[in-house]
Amino acid sequence: MNSLNNLITKKISMKVPILFGVIFLMLIMPSVMAASLPPQKQYDSVIIWQSCDNSTYSNVTSIKNGPTTMIMGPESMIEISNDYYEYSFTNTSVLGTYIVNGYCDEDGTLTSWAYDFQVTPDGQETIAGTVFFIILIIFSITLLIISFVFHNYIFSFISGLLFMVTGVYSMIYGFTTFLSSYTRMISFIIIGLGMMITVASSIDLVNELSPGGDRKDDDD
């Protein structure tokens with residue numbers, strides 16, 4: 001019985017590294033097969049580049065915003081150095097993911113290539129901007145709740161300021177990859193809420209600190 005258990009344990013221990021290797025390959029394969037550029041800033045020019053060994057040309061066949069919306073058709077790339085080609089893309093007014101397709105004659109063989117890049121309001125990863133926005137909102141609401149619980153107007157004053165900062169941030173950078181008149185309207189509402197909280201807490205704080213503000217009526 002012990003020998004059987006040892007045999008099973010030995011076989012399992014031999015297969016564990018193989019299993020981890022397969023999982024590792026599954027994780028890295030998408031990054032190998034689908035290369036991408038870093039996030040680009042809205043309205044900035046994007047350098048589309050491609051390296052093709054022993055090639056005489058490289059062309060961009062299409063750049064799409066999403067799977068269907070065509071931004072541009074076939075364009076020839078400029079050879080900057082040996083086997084290194086570039087194309088300056090300027091139509092980045094729309095936020096979102098851009099898909100680039102092209103081809104070259106690598107080693108004398110027609111070879112297709114493709115990758116994508118994101119256009120964001122600030123040129124940063126959308127996840128980072130979203131996390132920062134959520135942190136600001138949560139911190140603002142938390143301070144507002146604390147001010148109600150402990151009747152502390154300083155916390156509500158700071159909360160109002162943070163709401164205004166959050167509104168200004170979302171007005172400039174939008175929500176993830178969304179920046180439109182609707183997101184700006186929401187940003188104005190957040191700023192307005194912050195201004196109302198700040199003004200109201202300032203008035204209450206001044207009344208509380210003014211002479212007689214904390215005094216109770218002696219007749220009571």
# chains A, B, ... in the order shown; residues from 1 in each chain; ligands from 1
$ residues_around --residues "Glu75 of chain A" --least-positions-apart "2" --cutoff "12 Å" --atoms "only C-alpha atoms" --output "list in words"
Ile48, Tyr57, Ser58, Asn59, Val60, Thr61, Ser62, Ile63, Ile71, Met72, Gly73, Met77, Ile78, Tyr85, Glu86, Tyr87, Ser88, Phe89, Val100, Asn101, Gly102 and Tyr103 of chain A
$ write_last_selection --atoms "C-alpha atoms" --output "CSV table (one decimal), in the first residue's frame"
chain,number,residue,atom,x,y,z
A,48,ILE,CA,2.9,53.6,-36.0
A,57,TYR,CA,8.4,47.9,-47.9
A,58,SER,CA,5.8,47.9,-45.1
A,59,ASN,CA,2.3,49.3,-45.5
A,60,VAL,CA,-0.6,50.0,-43.2
A,61,THR,CA,-3.8,48.5,-44.6
A,62,SER,CA,-6.2,49.9,-42.1
A,63,ILE,CA,-6.6,51.6,-38.7
A,71,ILE,CA,-10.4,55.5,-39.5
A,72,MET,CA,-8.1,55.3,-42.6
A,73,GLY,CA,-7.3,53.0,-45.5
A,77,MET,CA,5.1,53.6,-44.3
A,78,ILE,CA,8.4,55.5,-44.4
A,85,TYR,CA,9.3,51.6,-40.8
A,86,GLU,CA,7.1,54.3,-39.4
A,87,TYR,CA,3.9,56.1,-40.1
A,88,SER,CA,2.6,59.2,-38.3
A,89,PHE,CA,-1.1,58.8,-37.4
A,100,VAL,CA,-3.8,48.6,-36.7
A,101,ASN,CA,-3.3,46.1,-39.6
A,102,GLY,CA,-0.5,46.0,-42.1
A,103,TYR,CA,1.8,43.9,-44.2
$ select_by_dssp --residues "segment 41-108 of chain A" --states "strand (DSSP E or B)" --output "VMD selection string"
chain A and resid 41 46 to 51 58 to 65 69 to 72 75 to 76 78 to 81 84 to 89 96 to 106
$ residues_around --residues "Ile197 of chain A" --least-positions-apart "2" --cutoff "12 Å" --atoms "only C-alpha atoms" --output "count of residues only"
31
$ residues_around --residues "Asp105 of chain A" --least-positions-apart "6" --cutoff "12 Å" --atoms "only C-alpha atoms" --output "ChimeraX atom specification"
/A:50-59,83,111-113
